[in-house]
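> Quick one, query.cif (mmCIF, C-alpha atoms):
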data_structure
loop_
_atom_site.label_atom_id
_atom_site.label_comp_id
_atom_site.auth_asym_id
_atom_site.auth_seq_id
_atom_site.Cartn_x
_atom_site.Cartn_y
_atom_site.Cartn_z
CA MET A 8 20.76 23.47 -16.36
CA LYS A 9 21.37 20.01 -14.89
CA LYS A 10 18.30 18.30 -13.45
CA LEU A 11 17.87 15.55 -10.86
CA LEU A 12 15.23 12.88 -11.57
CA TRP A 13 14.35 11.33 -8.23
CA PHE A 14 12.73 7.91 -8.66
CA ARG A 15 10.62 6.89 -5.65
CA ARG A 16 7.17 5.38 -6.23
CA ASP A 17 7.67 5.20 -10.01
CA LEU A 18 10.18 2.41 -10.57
CA ARG A 19 9.73 2.03 -14.33
CA VAL A 20 10.84 3.54 -17.63
CA ASP A 21 7.60 3.02 -19.58
CA ASP A 22 5.03 5.82 -19.28
CA SER A 23 7.19 7.79 -16.85
CA MET A 24 6.74 11.51 -16.22
CA LEU A 25 10.34 11.76 -15.05
CA LEU A 26 11.55 10.73 -18.48
CA THR A 27 9.64 13.60 -20.11
CA ILE A 28 11.99 16.15 -18.51
CA LYS A 29 14.27 17.45 -21.25
CA GLY A 30 17.96 18.22 -21.00
CA GLU A 31 20.93 17.04 -18.98
CA VAL A 32 19.69 14.74 -16.23
CA LEU A 33 20.92 12.63 -13.35
CA PRO A 34 18.39 9.89 -12.49
CA LEU A 35 18.75 8.74 -8.90
CA PHE A 36 17.29 6.52 -6.21
CA ILE A 37 17.90 7.01 -2.49
CA PHE A 38 17.83 4.14 -0.01
CA ASP A 39 16.53 6.42 2.72
CA THR A 40 18.13 5.72 6.10
CA ASN A 41 15.33 7.62 7.85
CA ILE A 42 13.04 4.79 6.71
CA LEU A 43 15.44 1.85 6.60
CA ASN A 44 16.66 2.40 10.17
CA THR A 45 13.13 1.74 11.45
CA LEU A 46 12.77 -1.63 9.70
CA GLU A 47 13.73 -5.15 10.67
CA LYS A 48 16.70 -6.49 8.75
CA THR A 49 14.54 -9.23 7.24
CA ASP A 50 11.90 -6.85 5.85
CA ARG A 51 10.88 -8.42 2.54
CA ARG A 52 9.89 -5.04 1.06
CA VAL A 53 13.51 -3.92 1.06
CA SER A 54 14.47 -6.96 -1.00
CA LEU A 55 11.58 -6.28 -3.37
CA ILE A 56 12.53 -2.62 -3.80
CA PHE A 57 16.22 -3.42 -4.21
CA ASP A 58 15.46 -5.91 -6.98
CA GLN A 59 13.18 -3.41 -8.74
CA VAL A 60 15.80 -0.66 -8.46
CA VAL A 61 18.47 -2.91 -10.00
CA LYS A 62 16.02 -3.74 -12.80
CA LEU A 63 15.24 -0.04 -13.29
CA LYS A 64 18.94 0.74 -13.52
CA ALA A 65 19.36 -1.83 -16.31
CA GLU A 66 16.32 -0.49 -18.18
CA LEU A 67 17.62 3.07 -17.98
CA LYS A 68 20.99 1.93 -19.30
CA ALA A 69 19.21 0.41 -22.30
CA LEU A 70 17.85 3.91 -23.03
CA GLY A 71 21.30 5.48 -22.81
CA LEU A 72 20.76 6.69 -19.25
CA ASP A 73 21.67 5.22 -15.85
CA LEU A 74 20.64 5.38 -12.20
CA ALA A 75 22.78 6.86 -9.44
CA LEU A 76 22.29 4.98 -6.17
CA PHE A 77 22.57 6.62 -2.76
CA TYR A 78 22.34 5.35 0.81
CA GLY A 79 21.61 8.04 3.39
CA ALA A 80 19.16 10.75 4.41
CA PRO A 81 17.68 12.62 1.41
CA LEU A 82 18.63 16.02 2.85
CA GLU A 83 22.30 15.01 3.03
CA VAL A 84 22.21 13.50 -0.45
CA PHE A 85 20.77 16.63 -2.03
CA SER A 86 23.06 18.91 -0.05
CA TYR A 87 25.96 17.01 -1.62
CA LEU A 88 24.43 17.09 -5.12
CA LYS A 89 23.94 20.83 -4.86
CA THR A 90 27.71 21.22 -4.52
CA LEU A 91 27.98 19.53 -7.94
CA GLY A 92 25.92 22.26 -9.56
CA PHE A 93 22.44 20.72 -9.49
CA GLU A 94 19.63 23.20 -8.79
CA GLU A 95 16.42 21.35 -9.66
CA VAL A 96 14.89 18.07 -8.60
CA TYR A 97 11.83 16.38 -10.08
CA ALA A 98 9.92 13.70 -8.18
CA SER A 99 6.50 12.07 -8.10
CA VAL A 100 4.10 13.27 -5.41
CA ASP A 101 3.73 11.50 -2.09
CA TYR A 102 1.18 12.56 0.53
CA ASP A 103 2.07 10.81 3.77
CA ALA A 104 3.36 12.88 6.69
CA TYR A 105 7.01 11.85 6.42
CA ALA A 106 7.07 12.35 2.64
CA LYS A 107 5.62 15.85 2.89
CA GLU A 108 8.09 16.85 5.60
CA ARG A 109 10.98 15.34 3.61
CA ASP A 110 9.98 17.09 0.38
CA ASN A 111 9.56 20.43 2.14
CA ALA A 112 13.07 20.07 3.55
CA VAL A 113 14.52 19.22 0.13
CA SER A 114 12.71 22.18 -1.43
CA SER A 115 14.62 24.47 0.93
CA ILE A 116 17.85 23.33 -0.77
CA LEU A 117 16.81 22.81 -4.41
CA HIS A 118 13.94 23.90 -6.61
CA PHE A 119 11.49 21.01 -6.14
CA HIS A 120 9.05 20.00 -8.90
CA ALA A 121 6.25 17.64 -7.78
CA LEU A 122 4.83 15.46 -10.55
CA ASN A 123 1.41 13.81 -10.31
CA ASP A 124 2.59 10.42 -11.57
CA CYS A 125 0.94 8.15 -8.98
CA TYR A 126 -2.69 9.16 -9.47
CA LEU A 127 -5.10 10.11 -12.24
CA PHE A 128 -6.32 13.31 -10.62
CA GLU A 129 -4.60 16.20 -8.90
CA PRO A 130 -5.80 16.62 -5.27
CA ASN A 131 -7.36 20.02 -6.04
CA GLU A 132 -8.85 18.90 -9.34
CA VAL A 133 -11.92 17.18 -7.88
CA LEU A 134 -13.70 19.61 -5.56
CA LYS A 135 -17.26 20.53 -4.67
CA LYS A 136 -18.83 23.65 -6.13
CA ASP A 137 -17.82 25.64 -3.05
CA GLY A 138 -14.19 24.63 -3.53
CA SER A 139 -14.08 22.25 -0.57
CA PRO A 140 -13.06 18.57 -0.79
CA TYR A 141 -15.58 15.77 -0.97
CA LEU A 142 -16.07 13.82 2.25
CA VAL A 143 -18.18 10.97 0.87
CA PHE A 144 -16.93 8.53 -1.73
CA THR A 145 -19.95 8.19 -4.02
CA PRO A 146 -20.24 11.93 -4.87
CA TYR A 147 -16.44 12.00 -5.31
CA TYR A 148 -16.64 9.02 -7.66
CA LYS A 149 -19.39 10.61 -9.72
CA ALA A 150 -17.38 13.84 -9.95
CA CYS A 151 -14.36 11.85 -11.16
CA GLN A 152 -16.50 10.16 -13.79
CA GLN A 153 -17.65 13.59 -15.01
CA LEU A 154 -14.12 15.00 -15.07
CA TYR A 155 -12.38 11.99 -16.58
CA THR A 156 -11.25 12.39 -20.19
CA GLN A 157 -8.79 10.48 -22.37
CA PHE A 158 -6.21 13.08 -21.34
CA HIS A 159 -6.02 11.50 -17.87
CA ALA A 160 -4.78 8.22 -19.33
CA LEU A 161 -2.44 9.50 -22.03
CA LYS A 162 0.89 7.73 -22.24
CA TYR A 163 3.99 9.83 -21.54
CA ILE A 164 6.67 9.65 -24.21
CA LYS A 165 10.36 9.90 -23.36
CA ALA A 166 11.96 13.28 -24.12
CA ASP A 167 15.46 13.96 -25.45
CA GLN A 168 17.73 13.54 -22.46
CA ASN A 169 21.48 13.32 -22.01
CA LEU A 170 23.12 11.80 -18.99
CA ALA A 171 25.00 14.00 -16.53
CA ASN A 172 28.56 13.00 -15.75
CA PHE A 173 28.70 10.94 -12.54
CA ASP A 174 30.04 7.66 -11.16
CA TYR A 175 27.00 5.40 -11.57
CA ASP A 176 28.79 2.11 -10.87
CA VAL A 177 28.70 2.18 -7.08
CA LEU A 178 26.28 2.73 -4.22
CA TRP A 179 27.18 6.06 -2.64
CA SER A 180 26.84 6.19 1.14
CA ILE A 181 26.32 9.79 2.27
CA GLN A 182 26.62 9.98 6.05
CA ASN A 183 27.50 13.08 8.07
CA ALA A 184 28.77 14.87 4.96
CA LEU A 185 31.14 11.97 4.23
CA ARG A 186 30.86 10.14 0.91
CA SER A 187 31.84 6.46 0.65
CA PRO A 188 31.50 4.12 -2.38
CA LEU A 189 29.97 0.70 -1.69
CA HIS A 190 29.34 -2.32 -3.87
CA VAL A 191 25.74 -2.46 -5.11
CA LYS A 192 24.64 -5.23 -2.75
CA LEU A 193 21.64 -5.44 -0.46
CA GLU A 194 23.92 -6.57 2.37
CA ASN A 195 25.64 -3.16 2.23
CA LEU A 196 22.32 -1.65 3.32
CA GLY A 197 22.37 -3.97 6.33
CA PHE A 198 19.50 -6.18 5.10
CA ALA A 199 19.28 -9.88 4.42
CA PRO A 200 18.50 -10.67 0.77
CA LEU A 201 15.18 -12.51 0.52
CA HIS A 202 13.52 -14.10 -2.47
CA VAL A 203 10.28 -12.20 -3.07
CA THR A 204 8.30 -13.47 -6.05
CA VAL A 205 6.08 -10.95 -7.81
CA LEU A 206 4.71 -11.48 -11.32
CA SER A 207 5.67 -8.82 -13.83
CA PRO A 208 3.08 -6.06 -14.35
CA GLN A 209 2.28 -7.28 -17.86
CA LYS A 210 1.74 -10.89 -16.77
CA THR A 211 -0.38 -9.64 -13.88
CA LEU A 212 -2.60 -7.73 -16.29
CA GLU A 213 -2.82 -10.72 -18.61
CA ARG A 214 -3.98 -12.99 -15.79
CA PHE A 215 -6.54 -10.44 -14.64
CA THR A 216 -8.11 -10.28 -18.12
CA CYS A 217 -9.85 -13.62 -17.68
CA LYS A 218 -11.13 -12.62 -14.22
CA ILE A 219 -12.40 -9.10 -14.76
CA ASP A 220 -15.94 -10.03 -15.86
CA THR A 221 -16.54 -11.81 -12.54
CA TYR A 222 -14.50 -9.36 -10.44
CA GLU A 223 -17.49 -7.78 -8.69
CA GLU A 224 -19.16 -11.11 -8.06
CA LYS A 225 -16.13 -13.02 -6.77
CA ARG A 226 -13.58 -10.55 -5.41
CA ASP A 227 -14.76 -10.90 -1.80
CA PHE A 228 -14.42 -14.69 -1.75
CA LEU A 229 -11.33 -15.72 0.18
CA ASP A 230 -10.88 -19.11 -1.46
CA VAL A 231 -11.09 -17.81 -5.05
CA ASP A 232 -8.26 -16.00 -6.83
CA ALA A 233 -10.44 -13.25 -8.27
CA THR A 234 -8.45 -10.09 -7.46
CA SER A 235 -6.10 -8.14 -9.71
CA HIS A 236 -2.84 -8.54 -7.74
CA LEU A 237 -1.90 -5.06 -8.99
CA SER A 238 -1.59 -3.39 -5.59
CA VAL A 239 2.16 -3.97 -5.21
CA HIS A 240 2.82 -2.71 -8.75
CA LEU A 241 0.73 0.42 -8.19
CA ARG A 242 2.39 1.02 -4.82
CA PHE A 243 5.91 1.03 -6.24
CA GLY A 244 4.99 2.35 -9.65
CA THR A 245 6.29 -0.64 -11.58
CA ILE A 246 3.18 0.02 -13.65
CA SER A 247 1.57 3.40 -14.20
CA ILE A 248 -2.00 4.05 -13.15
CA ARG A 249 -2.56 5.35 -16.67
CA GLU A 250 -1.53 2.03 -18.22
CA VAL A 251 -4.02 0.22 -16.00
CA VAL A 252 -6.79 2.60 -17.09
CA ARG A 253 -5.84 2.23 -20.77
CA TYR A 254 -6.05 -1.52 -20.25
CA LEU A 255 -9.56 -1.13 -18.83
CA VAL A 256 -10.62 1.09 -21.72
CA ALA A 257 -9.44 -1.53 -24.22
CA LEU A 258 -11.29 -4.30 -22.38
CA LYS A 259 -14.46 -2.21 -22.20
CA LYS A 260 -14.39 -1.78 -25.98
CA GLU A 261 -14.30 -5.58 -26.23
CA GLY A 262 -17.44 -5.81 -24.12
CA HIS A 263 -15.90 -6.64 -20.74
CA GLU A 264 -17.33 -5.36 -17.46
CA THR A 265 -14.72 -2.91 -16.16
CA GLU A 266 -16.61 -0.41 -13.99
CA PRO A 267 -16.34 -2.33 -10.66
CA PHE A 268 -12.55 -2.42 -10.88
CA PHE A 269 -12.33 1.19 -12.07
CA ARG A 270 -14.35 2.10 -8.99
CA GLN A 271 -11.69 0.46 -6.80
CA LEU A 272 -8.97 2.49 -8.53
CA ILE A 273 -10.93 5.64 -7.68
CA PHE A 274 -11.18 4.48 -4.06
CA ARG A 275 -7.37 4.49 -4.09
CA GLU A 276 -7.49 8.05 -5.41
CA PHE A 277 -10.06 9.06 -2.78
CA TYR A 278 -7.96 7.88 0.14
CA ALA A 279 -4.85 9.70 -1.13
CA TYR A 280 -7.02 12.77 -1.72
CA LEU A 281 -8.36 12.69 1.84
CA LEU A 282 -4.89 12.33 3.36
CA TYR A 283 -3.71 15.28 1.26
CA HIS A 284 -6.57 17.53 2.41
CA PHE A 285 -6.72 16.20 5.98
CA PRO A 286 -3.13 15.21 6.95
CA LYS A 287 -4.05 14.73 10.62
CA LEU A 288 -6.05 11.64 9.60
CA ALA A 289 -2.74 9.80 9.71
CA TRP A 290 -2.93 9.76 13.50
CA GLU A 291 -6.19 11.43 14.63
CA ASN A 292 -9.83 10.36 14.52
CA TYR A 293 -12.01 12.46 12.26
CA LYS A 294 -15.17 11.60 14.21
CA TYR A 295 -15.98 9.79 17.43
CA ALA A 296 -13.67 8.79 20.25
CA PRO A 297 -14.01 4.99 20.33
CA PRO A 298 -13.79 3.08 23.59
CA LEU A 299 -10.34 1.61 24.02
CA SER A 300 -8.79 -1.26 25.90
CA ASN A 301 -5.15 -1.47 26.94
CA ASP A 302 -5.15 -5.26 26.91
CA VAL A 303 -1.50 -6.12 26.24
CA GLU A 304 -2.20 -9.86 26.11
CA ALA A 305 -4.94 -9.37 23.50
CA TYR A 306 -2.58 -7.32 21.34
CA GLU A 307 0.19 -9.91 21.65
CA ARG A 308 -2.16 -12.77 20.78
CA PHE A 309 -3.39 -10.82 17.77
CA CYS A 310 0.15 -10.16 16.51
CA ALA A 311 0.99 -13.86 16.93
CA ALA A 312 -2.17 -14.99 15.05
CA GLN A 313 -3.43 -16.70 18.23
CA THR A 314 -6.87 -15.12 18.70
CA GLY A 315 -8.72 -18.45 18.43
CA TYR A 316 -10.84 -17.08 15.57
CA PRO A 317 -9.84 -19.22 12.55
CA LEU A 318 -10.51 -16.59 9.88
CA ILE A 319 -8.68 -13.86 11.80
CA ASP A 320 -5.65 -16.05 12.49
CA ALA A 321 -5.54 -17.36 8.91
CA ALA A 322 -5.54 -13.79 7.57
CA LEU A 323 -2.80 -12.77 9.97
CA ASN A 324 -0.73 -15.78 8.96
CA GLU A 325 -1.18 -14.84 5.31
CA LEU A 326 0.21 -11.41 6.15
CA LEU A 327 3.13 -12.74 8.19
CA GLU A 328 4.05 -15.43 5.65
CA THR A 329 3.53 -13.55 2.36
CA GLY A 330 3.34 -9.82 3.10
CA LEU A 331 -0.14 -9.77 1.59
CA MET A 332 -3.70 -10.05 2.87
CA HIS A 333 -6.94 -10.43 0.94
CA ASN A 334 -8.93 -7.18 0.98
CA ARG A 335 -12.08 -8.75 2.48
CA ALA A 336 -9.88 -10.26 5.20
CA ARG A 337 -8.34 -6.83 5.91
CA MET A 338 -11.80 -5.42 6.63
CA ILE A 339 -12.76 -8.29 8.92
CA VAL A 340 -9.44 -8.18 10.77
CA GLY A 341 -9.68 -4.39 11.16
CA SER A 342 -13.18 -4.65 12.60
CA PHE A 343 -12.11 -7.44 14.97
CA PHE A 344 -9.08 -5.49 16.20
CA THR A 345 -10.96 -2.26 16.88
CA LYS A 346 -14.29 -3.65 18.08
CA HIS A 347 -13.84 -7.15 19.45
CA LEU A 348 -10.51 -6.35 21.09
CA MET A 349 -11.20 -2.58 21.44
CA LEU A 350 -7.58 -1.80 20.59
CA PRO A 351 -6.65 1.56 19.00
CA TRP A 352 -6.71 1.49 15.21
CA GLN A 353 -3.34 3.26 15.17
CA LYS A 354 -1.68 0.13 16.59
CA GLY A 355 -3.38 -2.06 13.99
CA GLU A 356 -2.34 0.31 11.23
CA ALA A 357 1.26 0.20 12.47
CA PHE A 358 1.18 -3.61 12.53
CA PHE A 359 -0.01 -3.75 8.92
CA ALA A 360 2.56 -1.09 7.98
CA LYS A 361 5.29 -3.36 9.30
CA TYR A 362 4.42 -6.32 7.09
CA LEU A 363 2.37 -5.34 4.02
CA LEU A 364 4.29 -5.58 0.76
CA ASP A 365 1.83 -3.12 -0.81
CA TYR A 366 1.79 -0.79 2.19
CA ASP A 367 0.48 2.62 1.21
CA ALA A 368 -0.04 5.12 4.01
CA SER A 369 -3.25 6.68 2.69
CA ALA A 370 -4.94 3.37 1.85
CA ASN A 371 -3.88 1.76 5.13
CA VAL A 372 -4.76 4.67 7.42
CA LEU A 373 -8.12 5.40 5.82
CA SER A 374 -9.06 1.71 5.70
CA TRP A 375 -8.31 1.31 9.40
CA GLN A 376 -10.31 4.43 10.22
CA TRP A 377 -13.15 3.03 8.10
CA CYS A 378 -13.09 -0.20 10.10
CA ALA A 379 -12.95 1.64 13.41
CA GLY A 380 -15.82 3.94 12.38
CA THR A 381 -13.73 7.01 13.21
CA GLY A 382 -12.70 8.37 9.81
CA ILE A 383 -14.20 10.30 6.93
CA ASP A 384 -17.01 8.33 5.23
CA PRO A 385 -16.55 5.34 7.59
CA GLN A 386 -18.69 2.30 8.25
CA PRO A 387 -21.05 3.05 11.17
CA TYR A 388 -19.40 2.49 14.55
CA PHE A 389 -22.15 0.07 15.55
CA ARG A 390 -21.53 -2.20 12.54
CA ILE A 391 -19.43 -5.08 13.84
CA PHE A 392 -18.42 -7.89 11.53
CA ASN A 393 -19.14 -11.38 12.82
CA PRO A 394 -15.98 -13.32 11.82
CA TYR A 395 -17.88 -16.63 11.81
CA ALA A 396 -20.62 -15.34 9.52
CA GLN A 397 -17.98 -13.80 7.28
CA SER A 398 -15.95 -17.00 6.99
CA LEU A 399 -19.11 -19.03 6.30
CA LYS A 400 -20.11 -16.61 3.54
CA PHE A 401 -16.72 -16.04 1.91
CA ASP A 402 -14.82 -19.26 2.75
CA LYS A 403 -17.55 -21.86 3.19
CA GLU A 404 -15.29 -24.87 2.66
CA ALA A 405 -12.61 -23.26 4.88
CA ARG A 406 -9.99 -23.59 2.12
CA TYR A 407 -8.47 -20.20 2.95
CA ILE A 408 -8.48 -20.97 6.67
CA LYS A 409 -6.83 -24.35 6.22
CA ARG A 410 -4.26 -23.00 3.76
CA TYR A 411 -2.90 -20.55 6.34
CA LEU A 412 -3.79 -22.60 9.44
CA PRO A 413 -2.77 -26.11 8.37
CA LEU A 414 -3.10 -27.43 11.93
CA LEU A 415 -6.88 -27.13 11.39
CA ARG A 416 -6.91 -29.18 8.17
CA ASP A 417 -8.53 -32.20 9.85
CA ILE A 418 -11.28 -30.20 11.56
CA PRO A 419 -14.63 -30.35 9.69
CA SER A 420 -14.99 -27.16 7.65
CA ALA A 421 -18.45 -26.42 9.04
CA ALA A 422 -17.09 -26.56 12.60
CA LEU A 423 -14.62 -23.74 11.89
CA HIS A 424 -17.52 -21.35 11.34
CA ARG A 425 -19.19 -22.27 14.66
CA GLU A 426 -18.10 -20.59 17.86
CA ALA A 427 -19.76 -23.21 20.06
CA TYR A 428 -17.52 -25.88 18.55
CA LEU A 429 -14.36 -23.81 19.01
CA LEU A 430 -15.24 -22.93 22.61
CA HIS A 431 -16.05 -26.47 23.71
CA HIS A 432 -13.56 -28.60 21.77
CA ALA A 433 -9.86 -28.70 22.49
CA ILE A 434 -7.80 -28.45 19.29
CA THR A 435 -4.20 -29.48 19.76
CA GLY A 436 -1.92 -26.49 19.28
CA TYR A 437 -4.75 -24.00 18.73
CA PRO A 438 -6.23 -21.69 21.39
CA LYS A 439 -9.87 -21.18 22.21
CA PRO A 440 -11.42 -17.85 21.08
CA ILE A 441 -9.97 -14.92 22.99
CA ILE A 442 -13.47 -13.58 23.60
CA ALA A 443 -16.93 -14.78 22.55
CA HIS A 444 -18.33 -12.82 19.61
CA GLU A 445 -21.61 -11.78 21.23
CA SER A 446 -19.84 -10.81 24.47
CA ALA A 447 -17.40 -8.69 22.47
CA ARG A 448 -20.19 -7.02 20.51
CA LYS A 449 -22.17 -6.14 23.64
CA ARG A 450 -19.04 -4.94 25.46
CA PHE A 451 -18.10 -2.61 22.62
CA LEU A 452 -21.58 -1.13 22.19
CA ALA A 453 -22.02 -0.67 25.95
CA SER A 454 -18.65 1.07 26.19
CA PHE A 455 -19.46 3.33 23.26
CA GLY A 456 -22.76 4.34 24.79
#
So, in terms of structure tokens, how does the structure I just supplied come out?


Amino acid sequence: MKKLLWFRRDLRVDDSMLLTIKGEVLPLFIFDTNILNTLEKTDRRVSLIFDQVVKLKAELKALGLDLALFYGAPLEVFSYLKTLGFEEVYASVDYDAYAKERDNAVSSILHFHALNDCYLFEPNEVLKKDGSPYLVFTPYYKACQQLYTQFHALKYIKADQNLANFDYDVLWSIQNALRSPLHVKLENLGFAPLHVTVLSPQKTLERFTCKIDTYEEKRDFLDVDATSHLSVHLRFGTISIREVVRYLVALKKEGHETEPFFRQLIFREFYAYLLYHFPKLAWENYKYAPPLSNDVEAYERFCAAQTGYPLIDAALNELLETGLMHNRARMIVGSFFTKHLMLPWQKGEAFFAKYLLDYDASANVLSWQWCAGTGIDPQPYFRIFNPYAQSLKFDKEARYIKRYLPLLRDIPSAALHREAYLLHHAITGYPKPIIAHESARKRFLASFG
């Protein structure tokens, strides 16, 4: 029986569950028009994915396989492939709303096998004694520690596979039941090719080795490169979660401090787990109905990185310029958006979704709900980050601020952490704060009450 191996969030050949499926196979990747049609034609993620797919195709060829490329809606692609005699499709799990709807639709055409290749634990593997899901991270983390065995990090070995007969040399456009061959070029997807530089997974791990002992101490500092830079690789599966854990195990044996980073990996698991068990979290509050403003100007100034808060605007510029944002900055920006500006977290989540290279629905949605105080296991609604105190603590010399807001490079660093200075001094080309911090804090708390 011929089998379809659908690569999605697992763009690699090493330690791949898809490559453990024996028999006659057709590996494939779909440039999904349901997703692509919603994106701007300069979206850097499309360039990143396209480059990784081309690399994956070459790596599969080196193993005696290949990668069939399709451009269209998955349902149309699989309807066509069914006419060629394919009955089964294997794919790694995905828990966001669109992915679940898409996979359910595909399963009505072909026998669909979901593989847990993105996470260590199955969503129903870590449950409370009564069979219900955990709602608080720390008990979930402790349960994961108890359940974890070497089995969870075992490396998958490629099975004996032979390649199904197909024309792998073109990009097949499947539109309205019509099939057209295209040259394998990003322009044929309607997108502008952009140069997106991402270190290879192995080099990323190597660089993290010398930082892991100080990870817990330094990871929140904005002007220090102390983070792993693995988020993009984990998002697109250019490295397996199991390889990262095996790397941590090896470092631990050498005496390195690995638990703080392992904890962050389990946070990633927890957010995916929550979205699986509570799919409405993608758009609904779990608790509280926060006070909201419909201030269009505030939203527009936020999106343009013109809030007048140096740390907020620097973080937004980092996102707009690079597709990335430091994790500490994400928390501060999320708090500012939902509490200072009182804008709905859903709009902030959508803004991040538009630009983040490592965008992951579960991590983004749950993080925004955490900031807003409306989700499962959130920060308290009354906890409101002071952006000035945060920048003073985590970017004292304002290096991060000045890197992404170069027009402030001549302003004394200490002044950029003081609201009084920003309110009473005109800075050429830079606006005054959109709202005073204490006024914003009191307004939010009064509205909530």

> Nearest to Tyr105 (chain A) among A:Ile42, A:Val372, A:Glu31, A:Glu404, with distances taken over only C-alpha atoms: which residue is it?

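Residue with the minimum atom-to-atom distance to Tyr105 (chain A): A:Ile42.
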
> Go through A:Lys210, A:Arg425, A:Arg15, A:Arg226 one by one, measure the shortest atom-to-atom distance of each to Pro34 (chain A) using all atoms listed in the file, and give the residue with the smallest value.

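Using all atoms listed in the file, Pro34 (chain A) sits closest to A:Arg15.
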
> Build an axis-aligned box that encloses every atom of region 352-364 of chain A listed in the file, pad it by 8 Å on each side, and report its centre and edge lengths in Å to one decimal, as JSON.


{"center_x": -0.7, "center_y": -1.5, "center_z": 8.7, "size_x": 28.0, "size_y": 25.6, "size_z": 31.8}

> Write out as JSON lines a residue-level contact list of region 74-163 of chain A versus region 230-249 of chain A with cut-off 10 Å: for each qualifying residue the closest pair of atoms and the distance in Å to one decimal, counting only C-alpha atoms, rows sorted by chain and residue number upward.


{"residue": "A:Ser99", "atom": "CA", "partner": "A:Gly244", "partner_atom": "CA", "distance": 10.0}
{"residue": "A:Asp124", "atom": "CA", "partner": "A:Ser247", "partner_atom": "CA", "distance": 7.6}
{"residue": "A:Cys125", "atom": "CA", "partner": "A:Ile248", "partner_atom": "CA", "distance": 6.5}
{"residue": "A:Tyr126", "atom": "CA", "partner": "A:Ile248", "partner_atom": "CA", "distance": 6.3}
{"residue": "A:Leu127", "atom": "CA", "partner": "A:Ile248", "partner_atom": "CA", "distance": 6.9}
{"residue": "A:Gln157", "atom": "CA", "partner": "A:Arg249", "partner_atom": "CA", "distance": 9.9}
{"residue": "A:Phe158", "atom": "CA", "partner": "A:Arg249", "partner_atom": "CA", "distance": 9.7}
{"residue": "A:His159", "atom": "CA", "partner": "A:Arg249", "partner_atom": "CA", "distance": 7.2}
{"residue": "A:Ala160", "atom": "CA", "partner": "A:Arg249", "partner_atom": "CA", "distance": 4.5}
{"residue": "A:Leu161", "atom": "CA", "partner": "A:Arg249", "partner_atom": "CA", "distance": 6.8}
{"residue": "A:Lys162", "atom": "CA", "partner": "A:Arg249", "partner_atom": "CA", "distance": 7.0}
{"residue": "A:Tyr163", "atom": "CA", "partner": "A:Arg249", "partner_atom": "CA", "distance": 9.3}

> Run through the PyMOL selection byres ((chain A and resi 181) around 8) on the given coordinates and return the selected residues as a PyMOL selection string.

chain A and resi 77-80+83-84+179-180+182-187

> List the neighbours of region 445-448 of chain A out to 12 Å using all atoms listed in the file; skip same-chain residues closer than 4 positions along the sequence, and give me the result as a VMD selection string.

chain A and resid 300 342 to 349 388 to 395 426 to 427 440 to 441 452 to 455

> I'd like to know which of A:Ala405, A:Asn172, A:Lys9, A:Leu46 is closest to Ala357 (chain A), using all atoms listed in the file.

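Result for the nearest residue to Ala357 (chain A): A:Leu46.
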
> Between A:Arg214, A:Arg19, A:Lys89, A:Lys449, which residue has the minimum interatomic distance to Ile56 (chain A), considering all atoms listed in the file?

A:Arg19

> So the first atom is CA of Ala150 (chain A) and the second is CA of Val133 (chain A); what is the distance between them in Å, to one decimal place?

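About the pair CA of Ala150 (chain A) and CA of Val133 (chain A): they are 6.7 Å apart.
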
> Could you list, as JSON, numbers by chain, every residue within 8 Å of Val32 (chain A), counting all atoms listed in the file and ignoring same-chain residues fewer than 5 positions away?

{"A": [9, 10, 11, 12, 168, 169, 170, 171]}

> For the file shown, report as a PyMOL selection string the outcome of the PyMOL selection byres ((chain A and resi 119) around 12) at residue level.

chain A and resi 10-13+85+93-100+107+109-118+120-122

> What does the distance between CA of Gly341 (chain A) and CA of Trp375 (chain A) come to in Å, to one decimal place?

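Taking CA of Gly341 (chain A) and CA of Trp375 (chain A), their separation equals 6.1 Å.
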
> Looking at A:Lys294, A:His333, A:His263, A:Lys135, which one is nearest to Asp402 (chain A), with distances taken over all atoms listed in the file?

A:His333
